[in-house]
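Shown here: entry_38.txt, compact mmCIF, C-alpha atoms (C1' of nucleotides).
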```
# COMPACT_ATOMS: atom_id res chain seq x y z
CA MET A 1 0.00 0.00 0.00
CA PRO A 2 1.19 3.52 -0.77
CA ALA A 3 2.92 5.39 2.04
CA ASP A 4 0.60 8.36 1.78
CA GLU A 5 -2.61 6.38 1.77
CA PRO A 6 -5.28 8.38 3.59
CA HIS A 7 -5.39 7.01 7.11
CA ASP A 8 -8.72 6.37 8.81
CA HIS A 9 -8.55 9.04 11.47
CA ALA A 10 -12.09 8.71 12.83
CA PRO A 11 -12.26 12.33 13.92
CA LEU A 12 -14.41 13.19 16.88
CA GLU A 13 -17.62 15.02 16.11
CA LEU A 14 -17.53 17.67 18.77
CA GLU A 15 -21.10 18.73 18.17
CA HIS A 16 -22.38 15.32 19.21
CA PHE A 17 -19.97 14.79 22.06
CA LEU A 18 -21.78 14.74 25.38
CA PRO A 19 -19.18 16.40 27.61
CA TYR A 20 -18.78 19.17 25.07
CA ARG A 21 -22.49 19.79 24.73
CA LEU A 22 -23.00 19.75 28.46
CA SER A 23 -20.23 22.24 28.91
CA ILE A 24 -21.61 24.60 26.28
CA LEU A 25 -25.10 24.43 27.74
CA SER A 26 -24.03 24.92 31.31
CA ASN A 27 -21.75 27.81 30.44
CA ARG A 28 -24.43 29.58 28.48
CA ILE A 29 -26.93 29.28 31.27
CA SER A 30 -24.50 30.29 33.98
CA GLN A 31 -23.34 33.26 31.98
CA VAL A 32 -26.83 34.60 31.46
CA ILE A 33 -27.69 34.25 35.12
CA ALA A 34 -24.36 35.52 36.39
CA ARG A 35 -24.54 38.61 34.23
CA ASP A 36 -28.02 39.29 35.51
CA TYR A 37 -27.08 39.02 39.20
CA GLN A 38 -23.94 41.00 38.64
CA GLN A 39 -25.69 43.91 37.00
CA ARG A 40 -28.67 44.08 39.29
CA PHE A 41 -27.09 43.33 42.65
CA ASP A 42 -23.32 43.38 42.20
CA LEU A 43 -23.48 39.77 43.24
CA SER A 44 -21.33 37.00 41.79
CA MET A 45 -22.56 33.48 41.19
CA THR A 46 -20.41 32.14 44.01
CA GLU A 47 -21.63 34.83 46.39
CA TRP A 48 -25.20 33.97 45.54
CA ARG A 49 -24.57 30.31 46.21
CA VAL A 50 -23.19 31.12 49.61
CA MET A 51 -26.22 33.25 50.38
CA ALA A 52 -28.63 30.59 49.19
CA VAL A 53 -27.03 28.02 51.47
CA LEU A 54 -27.02 30.35 54.45
CA ALA A 55 -30.70 31.04 53.86
CA ARG A 56 -31.43 27.38 54.41
CA HIS A 57 -28.86 26.64 57.07
CA ALA A 58 -28.22 29.45 59.47
CA GLY A 59 -24.95 29.66 61.33
CA LEU A 60 -22.85 27.45 59.08
CA SER A 61 -19.08 27.60 59.15
CA ALA A 62 -17.12 28.37 55.99
CA ARG A 63 -16.11 24.75 55.72
CA GLU A 64 -19.72 23.64 55.81
CA VAL A 65 -20.69 26.23 53.24
CA ALA A 66 -18.00 24.79 51.01
CA ARG A 67 -19.49 21.33 51.30
CA TYR A 68 -23.01 22.48 50.56
CA THR A 69 -22.01 24.58 47.57
CA ALA A 70 -19.39 22.29 46.07
CA MET A 71 -16.99 25.21 46.14
CA ASP A 72 -13.48 24.97 47.50
CA LYS A 73 -12.61 26.75 50.69
CA VAL A 74 -10.61 29.46 48.99
CA ALA A 75 -13.59 30.43 46.86
CA VAL A 76 -15.81 30.45 49.91
CA SER A 77 -13.34 32.57 51.84
CA ARG A 78 -13.30 35.16 49.09
CA ALA A 79 -17.06 35.17 48.60
CA VAL A 80 -17.66 35.52 52.31
CA ARG A 81 -15.19 38.36 52.59
CA ARG A 82 -17.05 40.33 49.94
CA LEU A 83 -20.44 39.50 51.43
CA VAL A 84 -19.36 40.62 54.87
CA ALA A 85 -17.85 43.80 53.44
CA ALA A 86 -21.15 44.49 51.67
CA GLY A 87 -23.04 43.93 54.90
CA ARG A 88 -24.95 40.99 53.51
CA VAL A 89 -23.52 38.35 55.77
CA SER A 90 -22.41 38.49 59.39
CA ARG A 91 -19.44 36.57 60.66
CA ASP A 92 -19.06 35.69 64.31
CA SER A 93 -16.57 33.37 65.81
CA HIS A 94 -17.72 30.13 67.30
CA GLY A 95 -17.47 30.29 71.08
CA ALA A 96 -16.17 26.80 71.69
CA ASP A 97 -13.86 26.65 68.69
CA ARG A 98 -12.28 29.94 67.81
CA ARG A 99 -11.10 28.74 64.41
CA ARG A 100 -14.60 28.33 63.09
CA SER A 101 -16.71 31.18 61.90
CA VAL A 102 -20.45 31.38 62.29
CA LEU A 103 -22.04 32.85 59.18
CA ASP A 104 -25.51 34.29 58.81
CA LEU A 105 -27.47 36.48 56.47
CA THR A 106 -28.02 39.99 57.77
CA ALA A 107 -31.29 41.85 57.24
CA ALA A 108 -29.77 43.33 54.07
CA GLY A 109 -28.72 39.84 53.04
CA TRP A 110 -32.22 38.52 53.52
CA ALA A 111 -33.62 41.37 51.46
CA ILE A 112 -31.33 40.47 48.57
CA HIS A 113 -32.13 36.83 49.00
CA ASP A 114 -35.86 37.42 48.90
CA THR A 115 -35.46 39.27 45.63
CA VAL A 116 -33.01 36.94 43.96
CA ALA A 117 -34.57 33.61 44.91
CA PRO A 118 -37.77 34.15 42.89
CA LEU A 119 -35.67 35.47 40.05
CA ALA A 120 -33.63 32.29 40.07
CA ARG A 121 -36.79 30.24 39.97
CA THR A 122 -37.94 32.25 36.98
CA HIS A 123 -34.70 31.52 35.15
CA GLU A 124 -35.21 27.86 35.83
CA ARG A 125 -38.81 27.94 34.72
CA GLU A 126 -37.91 29.59 31.43
CA LEU A 127 -35.34 26.94 30.81
CA LEU A 128 -37.69 24.08 31.62
CA ALA A 129 -40.45 25.62 29.56
CA ARG A 130 -38.61 24.39 26.51
CA LEU A 131 -39.10 20.79 27.56
CA SER A 132 -42.12 18.57 27.71
CA ALA A 133 -43.29 17.21 31.05
CA ASP A 134 -41.74 13.87 30.14
CA GLU A 135 -38.45 15.43 29.27
CA ARG A 136 -38.39 17.43 32.48
CA ALA A 137 -38.94 14.30 34.52
CA ALA A 138 -36.32 12.41 32.54
CA LEU A 139 -33.80 15.18 32.97
CA ALA A 140 -34.24 15.25 36.73
CA GLY A 141 -33.64 11.52 36.90
CA ILE A 142 -30.66 11.66 34.60
CA LEU A 143 -29.01 14.37 36.65
CA ASP A 144 -29.63 12.40 39.82
CA ARG A 145 -28.01 9.40 38.24
CA LEU A 146 -24.99 11.23 36.86
CA LEU A 147 -24.37 13.36 39.92
CA ASP A 148 -24.68 10.52 42.37
CA GLY A 149 -22.00 8.18 41.16
CA PRO A 150 -18.84 7.67 43.25
CA ASP A 151 -16.69 9.70 40.89
CA LEU A 152 -16.95 10.60 37.27
CA GLY A 153 -14.53 9.32 34.74
CA SER A 154 -12.63 6.11 35.20
CA GLU A 155 -10.75 5.52 38.41
CA ALA A 156 -7.82 4.28 36.36
CA MET C 157 -48.90 40.90 63.99
CA PRO C 158 -45.58 41.10 65.83
CA ALA C 159 -42.77 43.02 64.16
CA ASP C 160 -40.34 40.16 64.45
CA GLU C 161 -42.67 37.54 63.08
CA PRO C 162 -40.60 34.99 61.16
CA HIS C 163 -40.88 35.97 57.52
CA ASP C 164 -41.55 33.37 54.87
CA HIS C 165 -38.25 33.51 53.02
CA ALA C 166 -38.80 30.59 50.68
CA PRO C 167 -35.10 29.84 50.40
CA LEU C 168 -33.84 28.29 47.23
CA GLU C 169 -32.87 24.65 47.42
CA LEU C 170 -29.63 24.73 45.55
CA GLU C 171 -29.39 20.97 45.35
CA HIS C 172 -32.56 20.81 43.26
CA PHE C 173 -31.88 23.85 41.15
CA LEU C 174 -31.31 22.91 37.53
CA PRO C 175 -28.68 25.47 36.54
CA TYR C 176 -26.69 24.63 39.64
CA ARG C 177 -26.84 20.90 39.05
CA LEU C 178 -25.93 21.28 35.43
CA SER C 179 -22.97 23.41 36.35
CA ILE C 180 -21.69 20.96 38.94
CA LEU C 181 -22.04 18.04 36.57
CA SER C 182 -20.40 19.75 33.65
CA ASN C 183 -17.52 21.02 35.76
CA ARG C 184 -16.85 17.63 37.25
CA ILE C 185 -16.77 15.97 33.87
CA SER C 186 -14.64 18.64 32.25
CA GLN C 187 -12.21 18.61 35.12
CA VAL C 188 -11.66 14.88 34.94
CA ILE C 189 -11.12 14.97 31.21
CA ALA C 190 -9.00 18.12 31.23
CA ARG C 191 -6.72 16.75 33.90
CA ASP C 192 -6.28 13.57 31.89
CA TYR C 193 -5.36 15.33 28.66
CA GLN C 194 -3.12 17.74 30.48
CA GLN C 195 -1.12 15.05 32.20
CA ARG C 196 -0.81 12.69 29.29
CA PHE C 197 -0.33 15.09 26.42
CA ASP C 198 0.24 18.54 27.87
CA LEU C 199 -2.93 19.47 26.03
CA SER C 200 -5.58 21.83 27.33
CA MET C 201 -9.28 21.37 26.76
CA THR C 202 -9.40 24.33 24.40
CA GLU C 203 -6.40 23.06 22.45
CA TRP C 204 -8.06 19.71 22.09
CA ARG C 205 -11.23 21.29 20.80
CA VAL C 206 -9.27 23.14 18.17
CA MET C 207 -7.55 19.94 17.11
CA ALA C 208 -10.80 18.02 16.97
CA VAL C 209 -12.33 20.62 14.70
CA LEU C 210 -9.29 20.73 12.43
CA ALA C 211 -9.43 16.96 12.15
CA ARG C 212 -12.86 17.23 10.60
CA HIS C 213 -12.38 20.42 8.65
CA ALA C 214 -8.94 20.89 7.21
CA GLY C 215 -7.68 24.35 6.41
CA LEU C 216 -10.05 26.36 8.56
CA SER C 217 -9.26 29.91 9.54
CA ALA C 218 -9.07 30.91 13.19
CA ARG C 219 -12.40 32.65 12.91
CA GLU C 220 -14.04 29.52 11.60
CA VAL C 221 -12.47 27.43 14.34
CA ALA C 222 -13.99 29.85 16.81
CA ARG C 223 -17.44 29.32 15.36
CA TYR C 224 -17.13 25.55 15.37
CA THR C 225 -15.81 25.35 18.90
CA ALA C 226 -17.96 28.06 20.50
CA MET C 227 -14.78 29.66 21.76
CA ASP C 228 -14.01 33.32 21.36
CA LYS C 229 -11.31 34.44 19.01
CA VAL C 230 -8.87 35.34 21.74
CA ALA C 231 -9.05 31.84 23.15
CA VAL C 232 -8.56 30.37 19.70
CA SER C 233 -5.61 32.62 19.03
CA ARG C 234 -3.91 31.46 22.21
CA ALA C 235 -4.67 27.79 21.68
CA VAL C 236 -3.41 27.93 18.11
CA ARG C 237 -0.23 29.67 19.16
CA ARG C 238 0.58 26.87 21.61
CA LEU C 239 -0.38 24.19 19.11
CA VAL C 240 1.83 25.70 16.44
CA ALA C 241 4.70 26.06 18.92
CA ALA C 242 4.28 22.40 19.84
CA GLY C 243 4.36 21.41 16.18
CA ARG C 244 0.86 20.00 16.30
CA VAL C 245 -0.77 22.47 13.96
CA SER C 246 0.57 24.26 10.91
CA ARG C 247 -0.40 27.80 10.08
CA ASP C 248 -0.16 29.13 6.56
CA SER C 249 -1.51 32.34 5.27
CA HIS C 250 -4.37 32.31 2.82
CA GLY C 251 -3.14 33.34 -0.59
CA ALA C 252 -6.06 35.52 -1.59
CA ASP C 253 -6.64 37.11 1.81
CA ARG C 254 -3.50 37.69 3.80
CA ARG C 255 -5.38 38.34 7.02
CA ARG C 256 -6.73 34.84 7.23
CA SER C 257 -4.72 31.89 8.42
CA VAL C 258 -5.04 28.40 7.11
CA LEU C 259 -4.77 25.89 9.90
CA ASP C 260 -4.11 22.18 9.66
CA LEU C 261 -3.01 19.32 11.82
CA THR C 262 0.58 18.24 11.26
CA ALA C 263 1.64 14.60 11.32
CA ALA C 264 2.41 15.01 15.00
CA GLY C 265 -1.00 16.60 15.46
CA TRP C 266 -2.70 13.69 13.77
CA ALA C 267 -0.82 11.26 15.97
CA ILE C 268 -2.09 13.01 19.09
CA HIS C 269 -5.53 13.19 17.63
CA ASP C 270 -5.64 9.51 16.86
CA THR C 271 -4.75 8.75 20.45
CA VAL C 272 -7.00 11.25 22.14
CA ALA C 273 -10.14 10.76 20.06
CA PRO C 274 -10.74 7.16 21.20
CA LEU C 275 -9.93 8.23 24.73
CA ALA C 276 -12.59 10.90 24.54
CA ARG C 277 -15.08 8.38 23.30
CA THR C 278 -14.21 6.16 26.23
CA HIS C 279 -14.88 8.98 28.66
CA GLU C 280 -18.25 9.51 27.03
CA ARG C 281 -19.09 5.83 27.09
CA GLU C 282 -18.30 5.55 30.77
CA LEU C 283 -20.56 8.46 31.45
CA LEU C 284 -23.40 7.09 29.38
CA ALA C 285 -23.00 3.65 30.88
CA ARG C 286 -24.73 4.98 33.95
CA LEU C 287 -27.89 5.61 32.00
CA SER C 288 -30.46 3.31 30.49
CA ALA C 289 -30.99 3.29 26.74
CA ASP C 290 -34.15 5.33 27.25
CA GLU C 291 -32.36 7.87 29.36
CA ARG C 292 -29.56 8.18 26.84
CA ALA C 293 -32.03 8.88 24.08
CA ALA C 294 -33.95 11.33 26.23
CA LEU C 295 -30.77 13.17 27.17
CA ALA C 296 -29.73 13.59 23.55
CA GLY C 297 -33.11 15.06 22.71
CA ILE C 298 -33.11 17.34 25.73
CA LEU C 299 -29.70 18.73 24.90
CA ASP C 300 -30.79 19.31 21.31
CA ARG C 301 -33.78 21.19 22.55
CA LEU C 302 -31.94 23.30 25.09
CA LEU C 303 -28.97 24.07 22.91
CA ASP C 304 -30.99 25.00 19.87
CA GLY C 305 -33.09 27.81 21.23
CA PRO C 306 -32.43 31.37 20.04
CA ASP C 307 -30.85 32.39 23.31
CA LEU C 308 -31.10 31.13 26.81
CA GLY C 309 -32.64 33.16 29.55
CA SER C 310 -35.22 35.82 28.87
CA GLU C 311 -34.52 38.42 26.27
CA ALA C 312 -35.73 41.04 28.71
C1' DC L 313 1.96 18.71 80.19
C1' DC L 314 4.12 19.45 75.71
C1' DT L 315 4.91 17.91 71.23
C1' DT L 316 2.93 16.21 67.10
C1' DT L 317 -0.93 16.09 64.01
C1' DA L 318 -5.26 17.71 62.19
C1' DT L 319 -8.56 21.33 61.15
C1' DA L 320 -10.45 26.21 59.88
C1' DG L 321 -9.49 29.80 57.28
C1' DT L 322 -6.52 33.29 54.80
C1' DT L 323 -2.81 34.78 51.87
C1' DT L 324 0.15 34.38 48.01
C1' DC L 325 1.58 33.30 43.55
C1' DA L 326 0.94 31.55 38.95
C1' DA L 327 -2.02 30.33 35.25
C1' DA L 328 -6.61 30.93 32.78
C1' DT L 329 -10.03 34.08 31.05
C1' DG L 330 -12.47 38.13 29.01
C1' DA L 331 -12.98 42.75 27.34
C1' DA L 332 -11.17 46.26 25.01
C1' DA L 333 -7.63 48.33 22.36
C1' DC L 334 -4.86 47.55 18.76
C1' DC L 335 -2.52 46.33 13.89
C1' DA L 336 -3.02 44.75 9.24
C1' DT L 337 -5.60 43.86 5.35
C1' DT L 338 -9.59 43.94 2.63
C1' DT L 339 -14.02 45.62 1.08
C1' DG L 340 -17.57 49.08 -0.08
C1' DC L 341 -18.52 53.02 -2.19
C1' DA L 342 -18.35 58.10 -3.16
C1' DT V 343 -8.70 56.18 -7.06
C1' DG V 344 -8.95 56.86 -2.13
C1' DC V 345 -11.14 56.93 2.25
C1' DA V 346 -14.33 54.97 5.65
C1' DA V 347 -15.94 50.85 7.49
C1' DA V 348 -15.50 46.00 8.29
C1' DT V 349 -12.86 41.75 9.14
C1' DG V 350 -9.07 38.53 10.85
C1' DG V 351 -6.12 38.15 14.29
C1' DT V 352 -2.99 39.46 18.21
C1' DT V 353 -1.70 42.10 22.31
C1' DT V 354 -2.58 44.19 26.62
C1' DC V 355 -4.58 44.72 30.96
C1' DA V 356 -7.61 43.67 34.67
C1' DT V 357 -10.17 40.02 36.88
C1' DT V 358 -10.92 35.26 38.14
C1' DT V 359 -9.41 30.96 39.56
C1' DG V 360 -6.72 27.10 41.74
C1' DA V 361 -2.91 25.09 44.19
C1' DA V 362 0.11 25.36 47.57
C1' DA V 363 2.04 27.69 51.52
C1' DC V 364 0.94 29.75 55.69
C1' DT V 365 -1.33 31.16 60.44
C1' DA V 366 -4.03 30.09 64.23
C1' DT V 367 -6.45 27.09 67.03
C1' DA V 368 -7.75 22.57 68.64
C1' DA V 369 -7.31 17.56 69.46
C1' DA V 370 -4.42 13.38 70.39
C1' DG V 371 -0.62 10.76 72.10
C1' DG V 372 3.42 10.00 74.71
```
Could you show the structure in this file as structure tokens?
Amino acid sequence: MPADEPHDHAPLELEHFLPYRLSILSNRISQVIARDYQQRFDLSMTEWRVMAVLARHAGLSAREVARYTAMDKVAVSRAVRRLVAAGRVSRDSHGADRRRSVLDLTAAGWAIHDTVAPLARTHERELLARLSADERAALAGILDRLLDGPDLGSEA
Amino acid sequence: MPADEPHDHAPLELEHFLPYRLSILSNRISQVIARDYQQRFDLSMTEWRVMAVLARHAGLSAREVARYTAMDKVAVSRAVRRLVAAGRVSRDSHGADRRRSVLDLTAAGWAIHDTVAPLARTHERELLARLSADERAALAGILDRLLDGPDLGSEA
DNA sequence: CCTTTATAGTTTCAAATGAAACCATTTGCA
DNA sequence: TGCAAATGGTTTCATTTGAAACTATAAAGG
């Protein structure tokens, strides 16, 4: 066979590749929402996540916030610093363990929360409006399945 | 009613919020894959996307690569620079229009491609292995639906 | 005790990213 | 022609992000 015979390269079709499509979709959505929060409330996505978690679980430590939000502790530290500076979150130190902080929404924080939470739900509704009831149900299940697993990718 | 009556704050449950879940999932997947490519081939996600597109469409310009990969032109410019420096992509200038570049995989680029492409497919397979055939089909349709729309979020 | 080890959180430094400004070339059109 | 606008691409600068080093406090073991 000739040396320059066209090899069978089996190129990857990016536009049908699940990780790629997921990434594009997620980025688009996040960007739209993030821009919205940023403009209206000078609030970053990460800051909002911290606030949302504190709304449900008062008095968490930074470490616990990190677990709930799937953020790393550096990101939490930075978000909390900004939130405290903006008067949206209060930070006290835990009596028994002076390393831990005790974080809570302030009145101003609650006010923001009570405005942003419905807005977030609206974003979600608009997204889901594109799907049928069946698809919505399927998607919920699929995300459960994919997010649950021990770890994504091969362990190898 | 008392002034300090506990307000109904209706806090958002992050763990059931679609954009949040999508973002977590996508980031986890991308991170696993990116780390893999980085370690084995010193290849970033964006560089790989450029290579994948050039494998299917030889001789694209940077602008066209940007369209195919949903990356912005700055990102493409940087990825291409590294790829050219690494001898994985060749850049010629288009005869008729000297602004445009003509990008192609080199032999070395093809070699990387032919190793990485099956690896990518394996990643995808492992991911999809967690789903039933029905779920896989549903997911494909859902992504089509969500990615197609004119623009995500409200136009408002 | 008092020395190691672990935990909570912050700081620091380098790399990744995005927006805008910036060249170079080409196109549209007066 | 020749000049304004558009296009392809790179550079610059400011911001974001992540990993590792660091500080402070607490728990555990001899």
Checklist entry - Counting only C-alpha atoms (C1' of nucleotides), which residues of chain C come no farther than 10 Å from chain V, as a count of residues only? => result 13
Can you superpose chain A onto chain C by least squares over all C-alpha atoms paired in order and give the moved copy as a short mmCIF file (atom, residue, chain, number, x, y, z; two decimals) with C-alpha atoms, in the frame of the given file?
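This is the output file selection.cif:
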```
data_model
loop_
_atom_site.label_atom_id
_atom_site.label_comp_id
_atom_site.auth_asym_id
_atom_site.auth_seq_id
_atom_site.Cartn_x
_atom_site.Cartn_y
_atom_site.Cartn_z
CA MET A 1 -48.65 41.27 63.89
CA PRO A 2 -45.33 41.40 65.73
CA ALA A 3 -42.49 43.23 64.01
CA ASP A 4 -40.14 40.28 64.28
CA GLU A 5 -42.56 37.71 62.96
CA PRO A 6 -40.61 35.12 60.97
CA HIS A 7 -40.94 36.12 57.35
CA ASP A 8 -41.63 33.50 54.69
CA HIS A 9 -38.33 33.63 52.86
CA ALA A 10 -38.86 30.66 50.54
CA PRO A 11 -35.16 29.90 50.29
CA LEU A 12 -33.88 28.32 47.13
CA GLU A 13 -32.91 24.68 47.37
CA LEU A 14 -29.64 24.74 45.51
CA GLU A 15 -29.41 20.98 45.33
CA HIS A 16 -32.56 20.80 43.23
CA PHE A 17 -31.86 23.84 41.12
CA LEU A 18 -31.29 22.88 37.50
CA PRO A 19 -28.66 25.45 36.51
CA TYR A 20 -26.68 24.62 39.62
CA ARG A 21 -26.81 20.89 39.06
CA LEU A 22 -25.89 21.24 35.42
CA SER A 23 -22.95 23.39 36.33
CA ILE A 24 -21.68 20.94 38.94
CA LEU A 25 -22.02 18.00 36.57
CA SER A 26 -20.38 19.70 33.64
CA ASN A 27 -17.51 20.99 35.74
CA ARG A 28 -16.83 17.60 37.23
CA ILE A 29 -16.76 15.93 33.87
CA SER A 30 -14.64 18.60 32.24
CA GLN A 31 -12.19 18.56 35.10
CA VAL A 32 -11.66 14.82 34.92
CA ILE A 33 -11.11 14.91 31.19
CA ALA A 34 -9.00 18.05 31.21
CA ARG A 35 -6.71 16.67 33.87
CA ASP A 36 -6.29 13.51 31.87
CA TYR A 37 -5.36 15.28 28.62
CA GLN A 38 -3.12 17.67 30.46
CA GLN A 39 -1.12 14.97 32.17
CA ARG A 40 -0.82 12.62 29.24
CA PHE A 41 -0.33 15.04 26.37
CA ASP A 42 0.23 18.50 27.84
CA LEU A 43 -2.93 19.42 26.01
CA SER A 44 -5.59 21.78 27.33
CA MET A 45 -9.29 21.30 26.76
CA THR A 46 -9.41 24.28 24.41
CA GLU A 47 -6.41 23.02 22.46
CA TRP A 48 -8.06 19.66 22.08
CA ARG A 49 -11.23 21.26 20.80
CA VAL A 50 -9.28 23.13 18.18
CA MET A 51 -7.56 19.94 17.11
CA ALA A 52 -10.81 18.01 16.95
CA VAL A 53 -12.34 20.64 14.69
CA LEU A 54 -9.31 20.77 12.43
CA ALA A 55 -9.43 16.99 12.12
CA ARG A 56 -12.86 17.28 10.58
CA HIS A 57 -12.39 20.47 8.64
CA ALA A 58 -8.96 20.96 7.21
CA GLY A 59 -7.70 24.42 6.42
CA LEU A 60 -10.06 26.42 8.60
CA SER A 61 -9.27 29.97 9.61
CA ALA A 62 -9.09 30.94 13.28
CA ARG A 63 -12.42 32.68 12.99
CA GLU A 64 -14.05 29.54 11.66
CA VAL A 65 -12.48 27.45 14.38
CA ALA A 66 -14.01 29.83 16.88
CA ARG A 67 -17.45 29.29 15.41
CA TYR A 68 -17.16 25.53 15.39
CA THR A 69 -15.84 25.32 18.94
CA ALA A 70 -17.98 28.00 20.54
CA MET A 71 -14.80 29.60 21.80
CA ASP A 72 -14.06 33.29 21.44
CA LYS A 73 -11.34 34.41 19.11
CA VAL A 74 -8.92 35.29 21.86
CA ALA A 75 -9.10 31.76 23.25
CA VAL A 76 -8.60 30.34 19.79
CA SER A 77 -5.64 32.61 19.15
CA ARG A 78 -3.95 31.43 22.31
CA ALA A 79 -4.71 27.76 21.73
CA VAL A 80 -3.45 27.94 18.18
CA ARG A 81 -0.27 29.68 19.25
CA ARG A 82 0.55 26.87 21.65
CA LEU A 83 -0.39 24.19 19.14
CA VAL A 84 1.81 25.71 16.48
CA ALA A 85 4.67 26.08 18.95
CA ALA A 86 4.28 22.40 19.85
CA GLY A 87 4.33 21.47 16.18
CA ARG A 88 0.84 20.03 16.29
CA VAL A 89 -0.79 22.51 13.97
CA SER A 90 0.54 24.33 10.93
CA ARG A 91 -0.43 27.87 10.13
CA ASP A 92 -0.18 29.25 6.62
CA SER A 93 -1.54 32.49 5.39
CA HIS A 94 -4.38 32.49 2.94
CA GLY A 95 -3.13 33.53 -0.48
CA ALA A 96 -6.05 35.71 -1.48
CA ASP A 97 -6.64 37.26 1.92
CA ARG A 98 -3.51 37.79 3.93
CA ARG A 99 -5.39 38.43 7.16
CA ARG A 100 -6.73 34.92 7.33
CA SER A 101 -4.72 31.99 8.50
CA VAL A 102 -5.05 28.49 7.15
CA LEU A 103 -4.79 25.95 9.95
CA ASP A 104 -4.11 22.25 9.67
CA LEU A 105 -3.02 19.36 11.81
CA THR A 106 0.57 18.31 11.23
CA ALA A 107 1.63 14.66 11.25
CA ALA A 108 2.40 15.05 14.96
CA GLY A 109 -1.01 16.63 15.43
CA TRP A 110 -2.71 13.73 13.71
CA ALA A 111 -0.82 11.28 15.90
CA ILE A 112 -2.09 13.01 19.02
CA HIS A 113 -5.55 13.20 17.58
CA ASP A 114 -5.65 9.51 16.78
CA THR A 115 -4.74 8.73 20.36
CA VAL A 116 -7.00 11.22 22.07
CA ALA A 117 -10.14 10.73 20.00
CA PRO A 118 -10.73 7.13 21.12
CA LEU A 119 -9.92 8.17 24.65
CA ALA A 120 -12.58 10.85 24.48
CA ARG A 121 -15.08 8.31 23.24
CA THR A 122 -14.20 6.09 26.17
CA HIS A 123 -14.86 8.92 28.61
CA GLU A 124 -18.22 9.44 27.00
CA ARG A 125 -19.05 5.77 27.06
CA GLU A 126 -18.26 5.50 30.76
CA LEU A 127 -20.51 8.41 31.45
CA LEU A 128 -23.38 7.04 29.40
CA ALA A 129 -22.96 3.60 30.91
CA ARG A 130 -24.66 4.95 33.99
CA LEU A 131 -27.86 5.56 32.06
CA SER A 132 -30.42 3.26 30.58
CA ALA A 133 -30.97 3.21 26.83
CA ASP A 134 -34.13 5.25 27.35
CA GLU A 135 -32.34 7.81 29.42
CA ARG A 136 -29.55 8.12 26.89
CA ALA A 137 -32.03 8.78 24.13
CA ALA A 138 -33.93 11.26 26.27
CA LEU A 139 -30.77 13.09 27.20
CA ALA A 140 -29.73 13.50 23.58
CA GLY A 141 -33.11 14.98 22.74
CA ILE A 142 -33.12 17.25 25.74
CA LEU A 143 -29.71 18.64 24.90
CA ASP A 144 -30.79 19.22 21.32
CA ARG A 145 -33.80 21.10 22.56
CA LEU A 146 -31.95 23.22 25.10
CA LEU A 147 -28.98 24.00 22.89
CA ASP A 148 -31.03 24.91 19.88
CA GLY A 149 -33.13 27.72 21.22
CA PRO A 150 -32.50 31.30 20.02
CA ASP A 151 -30.88 32.33 23.28
CA LEU A 152 -31.08 31.07 26.79
CA GLY A 153 -32.59 33.10 29.53
CA SER A 154 -35.18 35.74 28.90
CA GLU A 155 -34.53 38.38 26.29
CA ALA A 156 -35.78 40.98 28.73
#
```
Item to check | Proximal residues of chain A relative to chain C (all atoms listed in the file; 7 Å) as number ranges by chain | outcome: A: 9, 11-12, 14, 18-19, 22-23, 25-26, 29-30, 32, 52, 55-56, 114, 117, 123-124, 126-127, 130, 135, 138-139, 142, 145-147, 152-153
Item to check | Distance in Å - CA of Thr262 in chain C versus CA of Arg196 in chain C | outcome: 18.9 Å
Next on the checklist: Within 8 Å of chain A, which residues belong to chain L? Use all atoms listed in the file and report them as number ranges by chain.
Outcome noted: L: 320-322
Next on the checklist: Please return as a PyMOL selection string every residue within 8 Å of (-14.5, 32.4, 27.7), taking into account all atoms listed in the file and the file's own coordinates.
Outcome noted: (chain C and resi 227-228+231) or (chain L and resi 329-330)
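Going from CA of Ser200 in chain C to CA of Asp248 in chain C covers 22.7 Å.
Of note, CA of Arg81 in chain A and CA of Tyr37 in chain A are spaced 17.9 Å apart.
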Please write out, as AutoDock Vina command-line options, where the centre of an axis-aligned box around all listed atoms of range 41-58 of chain A lies and how long its edges are, in Å to one decimal, after adding 6 Å on each side.
```
--center_x -25.9 --center_y 35.0 --center_z 50.3 --size_x 23.0 --size_y 28.7 --size_z 30.3
```
Checklist entry - If we count all atoms listed in the file, what is near Leu216 in chain C at a cut-off of 6 Å, once residues fewer than 2 positions away on the same chain are taken out, given as a VMD selection string? => result chain C and resid 214 220 258 to 259
